[in-house]
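Read the structure below first, then the notes.
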Amino acid sequence: MPPTKKRKPASQENNTEEEETPFDPLLHCRTCKEKAAGKEWKKPHHQKCPRSKKFKAKSMDPEERRLQQLRKPPTFSSKNLPKRGEGEAATRLFFEPRPSKKKTMEPTPQPNMVLPDQVNSSMDGIKFCQEVQSKLEDPDWCKKAKDSCRAPAAMAAFAKVVEDTIIKDKKWKSFNGLTITVPACEEMYNNPQYHSIVGQDLLFVDWIQLYGLEVNCPCCNGTLKNTRNAFSRNKSLFPIFGLDGPLRRSIKAKHWEQ
């Protein structure tokens, strides 16, 4: 007897037919077929049906899927609702007038610079102000100071007055150690250049004046004198920078043997 061929199950035959023939929703999807006939059918579509959710999710572009997630309305939760009495208090607090905070422009004091209005005025301040003003009104002196000194003209004039009236005469009553602060006076409001340096510090670096030492000469047995300084020679004011305010100016004493 010739060998008999085994017959495939009906399910396998249907699958092969579906794989060979293209998918037609009206033929292979029963939901589409029943809805086309006008019947009520509430079961899901076939997996290969273009109207099924799985088919739409697979064929959708990733960017379109991301935008669809963003367009979804936010989920409502009763936890976000205010409790009884909180809504009225929040509304009243939001709509009630608030006090206006106007900022006034006031100068900020620095540790090494006193405000001009808080500097103790004295007779020395009037004398310094008049001497600085007279030097600034001299065009020849201003030209020399501009060519030789890098400090502001008002500070250079103040240093010149200190050199002529204090350093040369050895009268240290206006100094506090090595430092002299530009004093204030009532006339500074009529002199803007002097008013701009009020409260700044000028240092005279001289160990003989501060400690009363006798500096011996390293070459001979004599002692060094402090009759000259860097400002009297080349009009230089050494700057000292800091993080707590404007820079300080200093005059370095020069020790030499007479």
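If you're wondering about the labels, chains in the structure tokens are A, B, ... by order shown, residues count from 1 in each chain, ligands from 1 in order shown.
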- Query: How would you write, as JSON, numbers by chain, the set of residues in range 75-231 of chain A that DSSP gives as helix (DSSP H, G or I)?
  - Reply: {"A": [78, 79, 80, 86, 87, 88, 89, 90, 91, 92, 93, 94, 95, 116, 117, 118, 123, 124, 125, 126, 127, 128, 129, 130, 131, 132, 133, 134, 135, 136, 139, 140, 141, 142, 143, 144, 145, 146, 147, 148, 153, 154, 155, 156, 157, 158, 159, 160, 161, 162, 163, 164, 165, 166, 167, 186, 187, 188, 189, 190, 192, 193, 194, 195, 207, 208, 209, 210, 211, 230, 231]}
- Message: List the spatial neighbours of Ser52 in chain A as a list of chain:residue names - criterion: any atom at most 12 Å away, only C-alpha atoms, same-chain residues fewer than 4 positions off excluded.
- Response: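 These residues fall inside the cut-off: A:Pro25, A:Cys29, A:Thr31, A:Cys32, A:Lys43, A:Pro44, A:His45, A:His46, A:Gln47, A:Lys48, A:Lys56, A:Ala57, A:Lys58, A:Ser59.
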- Residue nearest Ile208 in chain A among A:Ala230, A:Pro183, A:Ala154, A:Leu178 (counting only C-alpha atoms):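 Closest candidate: A:Leu178.
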- Query: From the list A:Gln133, A:Gln200, A:Asn226, A:Ser174, which residue is nearest Gly212 in chain A when using only C-alpha atoms?
  - Reply: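 Once distances to Gly212 in chain A are computed over only C-alpha atoms, the minimum belongs to A:Asn226.
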- Item | Option closest in space to Ala151 in chain A, from A:Asp244, A:Lys35, A:Phe238, A:Arg51 [counting only C-alpha atoms] |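 For Ala151 in chain A, the nearest of the candidates is A:Phe238.
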- Task: Would you please extract all strand (DSSP E) residues from range 11-240 of chain A, as assigned by DSSP on the backbone, and give them as a VMD selection string?
- Result: chain A and resid 179 to 181 201 to 205 225 to 229 238 to 240
